[in-house]
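Please read the structure below before turning to the comments.
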Amino acid sequence: VTALLVAVAVVTAGCIPPEPDNDRLIHFDPRRTTMGAIQEAGELIVGVERDVPPLSSESGAEIGLAERMAEEIAEALRVELRYVTGTTEELLRMAEEGEADVTFPFAPITERLVRTHAVSDPYYVAHQKVLVRRDAGIATFEELTGTSICSTMDPDTGSDLTKLLSDVTVQESDLAGCREMFVDREVDAITAPDLVLAPLAAGSGPAPAAEVIPDELNTEAYGAVVARSAVAPMADFVSSVLEEAQAE
């Protein structure tokens, strides 16, 4: 039986074609492409958000999703990687003014964004949801009536909860502000993309035990941003690298 299993394993292995080598280094012309200019400089500068887990780590340079994607882009160009951090607006400005080659702002892709910035294909599709305390006894969206909610949603894409619920108070803040208000029990819930609600629901940080209500209130996508003036299709290059990384 052992000999038969070994023989089957050998035959099966022989039928599986080797994976294609997609990691070959492409040398780009530094005079005609942004990718070549980065290779010539030997360094990729990537802008990430300050403490927006899981998109970026608290230090801004270690374990977040944005840092992981940045590693893939740097590896594809065979260059060193350097991080800069900032707020969403600062990261958008860094891309336009050439302070960073690629940035990962916590900003959904909207018509206004793509009119003013060069954006890659989406690397993540999120949904607006609501986070509540597990001991609040709130299991459905309708049961949020009469509560106070902190919102981190972009006004261009977020669903207005005051129009969907009666007797509800909504305060707008960034993610750090909403987390602080939730921990201090100044609000009963947080509405945000599920991308950033997941760590809170998982119990990371000082937040009380929490869970996400399943209702999806919208759909929005997130992409990497490069300067519109970038020579050659830098956004297309970033899209292709992230697509390959996802496939792998």
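Just remember, in the structure tokens the first chain shown is A, the second B, etc., residues are 1-based per chain, and ligands are 1-based in the order shown.
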For this session: Write out as a ChimeraX atom specification all residues of range 3-246 of chain A that backbone DSSP assigns to helix (DSSP H, G or I).
Result: /A:3-15,34-41,65-77,88-97,111-116,134-136,141-144,161-164,175-183,194-201,234-246
Problem set entry | Spatial neighbours of Thr157 in chain A, 9 Å, only C-alpha atoms, chain gap at least 5 places, as a ChimeraX atom specification | /A:108,110,218-220
Exercise. Using only C-alpha atoms, which residue out of A:Arg50, A:Lys129, A:Arg112, A:Arg82 lies closest to Glu99 in chain A?
Worked result: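 Smallest distance to Glu99 in chain A is found for A:Arg82.
In this comparison, which uses only C-alpha atoms, the residue of A:Ser239, A:Gln246, A:Ser173, A:Thr191 approaching Asp215 in chain A most closely is A:Thr191.
Here the question is which of A:Ala107, A:Met35, A:Val170, A:Leu161 gets nearest to Ile73 in chain A using only C-alpha atoms, and that residue is A:Met35.
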Problem set entry | Polymer residues at most 12 Å from Tyr124 in chain A, only C-alpha atoms, same-chain spacing of 5 or more positions, as a list of chain:residue names |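 Everything that qualifies: A:Pro54, A:Leu55, A:Leu65, A:Ala66, A:Met69, A:Phe104, A:Phe106, A:Ala107, A:Pro108, A:Ile109, A:Pro193, A:Asp194, A:Leu195, A:Val196, A:Thr219, A:Glu220, A:Ala221, A:Tyr222, A:Gly223, A:Ala224, A:Ser239, A:Leu242, A:Glu243, A:Gln246.
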Seminar exercise, completed: If you count only C-alpha atoms, the residue of A:Leu81, A:Leu165, A:Val130, A:Met153 closest to Ala41 in chain A turns out to be A:Leu81
For this session: Based on DSSP run over this structure's backbone, return all residues of range 74-182 of chain A in strand (DSSP E), as a ChimeraX atom specification.
Result: /A:80-86,102-104,118-119,124-133,148-151,169-172
Seminar exercise, completed: Using only C-alpha atoms, the shortest atom-to-atom distance to Val46 in chain A among A:Val238, A:Ala136, A:Leu25, A:Ile190 belongs to A:Val238
